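S.K.: Quick one: the structure is below, and I'll ask about it shortly.
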Amino acid sequence: MPELPEVETTRRGVAPYCRGQVVQELVVRESRLRWPVPPQLGGLIANQTIQEVERRGKYLLFRTAVGSLLVHLGMSGSLRVVDSGQAPGRHDHIDVRMLSGSCLRFHDPRRFGCFLWLEPGEQHPLLSQLGPEPLSDAFDGDYLYRLSRGRSAPVKSFIMDAKVVVGVGNIYANEVLFLSGIHPRRAAGRISRARYTVLADNIKQVLTSSIEQGGTTLRDFVGGDGKPGYFALRLYAYGRGGEPCKRCGGLLREIRLGQRTTVFCVTCQR
DNA sequence: CGCTGACCCTGACGGC
DNA sequence: TGCCGTCAGGGTCAGC
């Protein structure tokens, strides 16, 4: 489920139940995630106080004095807060039980997510390669323009590359390219600075409004099913292959780009 | 170095 | 009803 707004919404939803709380124990029912959950993880985090819940790209960091729990939700993962007494269901792989009686429960049918440990000051290879946050000042049209020179990969693959910028997943890549009038297969290196400025602005705008809308569904993370669901994002392209373009009425085309379904309007996107 | 495709895994869904 | 292929919002990695 997670695109960046979902991850940020998750962070905001669980943080009040984690911040300042002491971890009683980690219960790992299934350790076979994207990478095996380190056997020593429980011992490392037990009795530690979670000082803060941070986000870097689509990674969540639960910071303690002796290191950080690094969590990724993969494709199907979710975190929610439940009472420690509540029985786990299918695919509820990990519990972070707090002394307070609250429990952070990790659910992930496809097991593409991960639970790892980060020593203080350690530069984890998963994080050190990441590009700028899309909502930061470091990310703008000039940045995209400069980085893309000489690149022949499709612009959609380019903006979905976490080394370029974090947090632009398949849904938002489709939407943002539609809004910007850019053909998803256009070579990244052959797009003007002006068009990259439009694209970067659209990325910021769409992600920002999705995060804002996520805030209104926060209660779903606590005690509920842990699914934020789709935000009330008005979809122009994603999932609309074969349907009429909301701008010109022509039929949207669907192709596959880097194993990802890609939808666009041949008329409005060049 | 940049790019492409295989792969990780389960579940839902459509066609037969 | 079952079986089969395809697809799903993540990312890494090998090989060219």
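We label chains A, B, ... in the order they appear in the structure tokens, count residues from 1 in each chain, and number ligands from 1 in the order shown.
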What lies within 12 Å of DG14 (chain B) using only C-alpha atoms (C1' of nucleotides), ignoring chain neighbours under 6 positions off, as a PyMOL selection string?
M.R.: chain C and resi 4-7
S.K.: Include all heavy atoms and write out the residues we just selected as a PDB file, in the first residue's frame.
M.R.:
ATOM      1  P    DC C   4      -3.691 -25.775 -12.723  1.00  0.00           P
ATOM      2  OP1  DC C   4      -2.935 -26.800 -13.454  1.00  0.00           O
ATOM      3  OP2  DC C   4      -3.337 -25.432 -11.332  1.00  0.00           O
ATOM      4  O5'  DC C   4      -3.693 -24.450 -13.588  1.00  0.00           O
ATOM      5  C5'  DC C   4      -4.207 -24.464 -14.924  1.00  0.00           C
ATOM      6  C4'  DC C   4      -4.054 -23.061 -15.484  1.00  0.00           C
ATOM      7  O4'  DC C   4      -5.076 -22.223 -14.896  1.00  0.00           O
ATOM      8  C3'  DC C   4      -2.697 -22.440 -15.139  1.00  0.00           C
ATOM      9  O3'  DC C   4      -2.080 -21.969 -16.319  1.00  0.00           O
ATOM     10  C2'  DC C   4      -3.025 -21.327 -14.169  1.00  0.00           C
ATOM     11  C1'  DC C   4      -4.493 -21.012 -14.458  1.00  0.00           C
ATOM     12  N1   DC C   4      -5.249 -20.547 -13.268  1.00  0.00           N
ATOM     13  C2   DC C   4      -6.141 -19.477 -13.405  1.00  0.00           C
ATOM     14  O2   DC C   4      -6.275 -18.948 -14.510  1.00  0.00           O
ATOM     15  N3   DC C   4      -6.823 -19.049 -12.323  1.00  0.00           N
ATOM     16  C4   DC C   4      -6.646 -19.660 -11.137  1.00  0.00           C
ATOM     17  N4   DC C   4      -7.349 -19.205 -10.097  1.00  0.00           N
ATOM     18  C5   DC C   4      -5.756 -20.744 -10.976  1.00  0.00           C
ATOM     19  C6   DC C   4      -5.076 -21.156 -12.058  1.00  0.00           C
ATOM     20  P    DG C   5      -0.572 -21.440 -16.260  1.00  0.00           P
ATOM     21  OP1  DG C   5       0.195 -22.090 -17.342  1.00  0.00           O
ATOM     22  OP2  DG C   5      -0.090 -21.489 -14.864  1.00  0.00           O
ATOM     23  O5'  DG C   5      -0.784 -19.912 -16.654  1.00  0.00           O
ATOM     24  C5'  DG C   5      -1.597 -19.585 -17.774  1.00  0.00           C
ATOM     25  C4'  DG C   5      -1.979 -18.131 -17.696  1.00  0.00           C
ATOM     26  O4'  DG C   5      -2.896 -17.955 -16.586  1.00  0.00           O
ATOM     27  C3'  DG C   5      -0.776 -17.217 -17.427  1.00  0.00           C
ATOM     28  O3'  DG C   5      -0.778 -16.160 -18.382  1.00  0.00           O
ATOM     29  C2'  DG C   5      -0.987 -16.711 -16.002  1.00  0.00           C
ATOM     30  C1'  DG C   5      -2.487 -16.848 -15.800  1.00  0.00           C
ATOM     31  N9   DG C   5      -2.857 -17.120 -14.417  1.00  0.00           N
ATOM     32  C8   DG C   5      -2.354 -18.100 -13.591  1.00  0.00           C
ATOM     33  N7   DG C   5      -2.895 -18.104 -12.406  1.00  0.00           N
ATOM     34  C5   DG C   5      -3.810 -17.053 -12.441  1.00  0.00           C
ATOM     35  C6   DG C   5      -4.690 -16.577 -11.448  1.00  0.00           C
ATOM     36  O6   DG C   5      -4.849 -16.981 -10.306  1.00  0.00           O
ATOM     37  N1   DG C   5      -5.441 -15.494 -11.905  1.00  0.00           N
ATOM     38  C2   DG C   5      -5.356 -14.948 -13.160  1.00  0.00           C
ATOM     39  N2   DG C   5      -6.151 -13.911 -13.425  1.00  0.00           N
ATOM     40  N3   DG C   5      -4.538 -15.392 -14.104  1.00  0.00           N
ATOM     41  C4   DG C   5      -3.799 -16.443 -13.676  1.00  0.00           C
ATOM     42  P    DT C   6       0.350 -15.041 -18.314  1.00  0.00           P
ATOM     43  OP1  DT C   6       0.548 -14.528 -19.683  1.00  0.00           O
ATOM     44  OP2  DT C   6       1.489 -15.566 -17.542  1.00  0.00           O
ATOM     45  O5'  DT C   6      -0.371 -13.919 -17.458  1.00  0.00           O
ATOM     46  C5'  DT C   6      -1.634 -13.433 -17.875  1.00  0.00           C
ATOM     47  C4'  DT C   6      -2.056 -12.290 -16.968  1.00  0.00           C
ATOM     48  O4'  DT C   6      -2.505 -12.841 -15.702  1.00  0.00           O
ATOM     49  C3'  DT C   6      -0.892 -11.339 -16.638  1.00  0.00           C
ATOM     50  O3'  DT C   6      -1.317 -10.012 -16.875  1.00  0.00           O
ATOM     51  C2'  DT C   6      -0.609 -11.587 -15.156  1.00  0.00           C
ATOM     52  C1'  DT C   6      -1.945 -12.090 -14.640  1.00  0.00           C
ATOM     53  N1   DT C   6      -1.858 -12.986 -13.468  1.00  0.00           N
ATOM     54  C2   DT C   6      -2.718 -12.763 -12.411  1.00  0.00           C
ATOM     55  O2   DT C   6      -3.540 -11.859 -12.415  1.00  0.00           O
ATOM     56  N3   DT C   6      -2.591 -13.638 -11.363  1.00  0.00           N
ATOM     57  C4   DT C   6      -1.693 -14.686 -11.267  1.00  0.00           C
ATOM     58  O4   DT C   6      -1.672 -15.409 -10.266  1.00  0.00           O
ATOM     59  C5   DT C   6      -0.819 -14.860 -12.397  1.00  0.00           C
ATOM     60  C7   DT C   6       0.195 -15.973 -12.387  1.00  0.00           C
ATOM     61  C6   DT C   6      -0.943 -14.014 -13.435  1.00  0.00           C
ATOM     62  P    DC C   7      -0.227  -8.859 -16.878  1.00  0.00           P
ATOM     63  OP1  DC C   7      -0.522  -8.017 -18.044  1.00  0.00           O
ATOM     64  OP2  DC C   7       1.136  -9.422 -16.679  1.00  0.00           O
ATOM     65  O5'  DC C   7      -0.608  -8.066 -15.554  1.00  0.00           O
ATOM     66  C5'  DC C   7      -1.970  -7.713 -15.298  1.00  0.00           C
ATOM     67  C4'  DC C   7      -2.112  -7.415 -13.820  1.00  0.00           C
ATOM     68  O4'  DC C   7      -2.066  -8.658 -13.087  1.00  0.00           O
ATOM     69  C3'  DC C   7      -0.967  -6.558 -13.282  1.00  0.00           C
ATOM     70  O3'  DC C   7      -1.421  -5.230 -13.027  1.00  0.00           O
ATOM     71  C2'  DC C   7      -0.542  -7.249 -11.990  1.00  0.00           C
ATOM     72  C1'  DC C   7      -1.534  -8.380 -11.811  1.00  0.00           C
ATOM     73  N1   DC C   7      -0.908  -9.619 -11.297  1.00  0.00           N
ATOM     74  C2   DC C   7      -1.355 -10.142 -10.075  1.00  0.00           C
ATOM     75  O2   DC C   7      -2.256  -9.561  -9.472  1.00  0.00           O
ATOM     76  N3   DC C   7      -0.776 -11.271  -9.602  1.00  0.00           N
ATOM     77  C4   DC C   7       0.200 -11.870 -10.297  1.00  0.00           C
ATOM     78  N4   DC C   7       0.728 -12.978  -9.784  1.00  0.00           N
ATOM     79  C5   DC C   7       0.670 -11.345 -11.532  1.00  0.00           C
ATOM     80  C6   DC C   7       0.095 -10.217 -12.007  1.00  0.00           C
TER      81       DC C   7
END
S.K.: Could you please tell me, as a count of residues only, which residues of chain C have an atom within 8 Å of chain A when using only C-alpha atoms (C1' of nucleotides)?
M.R.: 3
S.K.: Taking the DSSP secondary structure from the backbone, can you list the residues of region 105-249 of chain A that are strand (DSSP E or B), as a list in words?
M.R.: Arg105, Phe106, His107, Cys114, Phe115, Leu116, Trp117, Leu118, Pro154, Ala187, Val222 and Pro244 of chain A
S.K.: Within 8 Å of chain B, which residues of chain A are there when counting only C-alpha atoms (C1' of nucleotides)? Please give them as an MDAnalysis selection string.
M.R.: chainID A and resid 34 109:112 151 153 258
S.K.: What is the distance, in Å and to one decimal place, between CA of Glu52 (chain A) and CA of Arg19 (chain A)?
M.R.: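 Going from CA of Glu52 (chain A) over to CA of Arg19 (chain A), I get 5.3 Å.
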S.K.: In Å to one decimal, how far is CA of Val82 (chain A) from CA of Val27 (chain A)?
M.R.: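 Rounded to one decimal, the two atoms are 13.8 Å apart.
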S.K.: Output as a ChimeraX atom specification all residues of region 113-244 of chain A that backbone DSSP marks as helix (DSSP H, G or I).
M.R.: /A:125-128,141-148,155-160,170-180,188-190,193-215,218-221
S.K.: Residues within 9 Å of Phe178 (chain A), please, as a VMD selection string. Count only C-alpha atoms (C1' of nucleotides); anything in the same chain fewer than 5 positions from it doesn't count.
M.R.: chain A and resid 173 183 to 184 236 to 237 263 to 265 268 to 269
S.K.: For the selection you just gave me, I'd like the residues written to a file as a tab-separated table (two decimals), in the first residue's frame, keeping C-alpha atoms.
M.R.:
chain	number	residue	atom	x	y	z
A	173	ALA	CA	4.31	8.95	-11.09
A	183	HIS	CA	4.87	11.45	-21.97
A	184	PRO	CA	6.04	8.79	-19.49
A	236	TYR	CA	-6.56	11.22	-13.73
A	237	ALA	CA	-4.46	8.37	-15.07
A	263	VAL	CA	-1.33	5.01	-18.15
A	264	PHE	CA	-1.21	8.19	-20.16
A	265	CYS	CA	-2.98	10.30	-22.77
A	268	CYS	CA	-2.15	15.58	-23.70
A	269	GLN	CA	1.22	14.06	-22.84
S.K.: Please measure the separation of CA of Ile50 (chain A) and CA of Val22 (chain A), giving the value in Å to one decimal.
M.R.: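 Separation between CA of Ile50 (chain A) and CA of Val22 (chain A): 6.4 Å.
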S.K.: List the spatial neighbours of Val37 (chain A) as number ranges by chain - criterion: any atom at most 10 Å away, only C-alpha atoms (C1' of nucleotides), same-chain residues fewer than 2 positions off excluded.
M.R.: A: 28, 30-35, 39-42, 94, 114-117
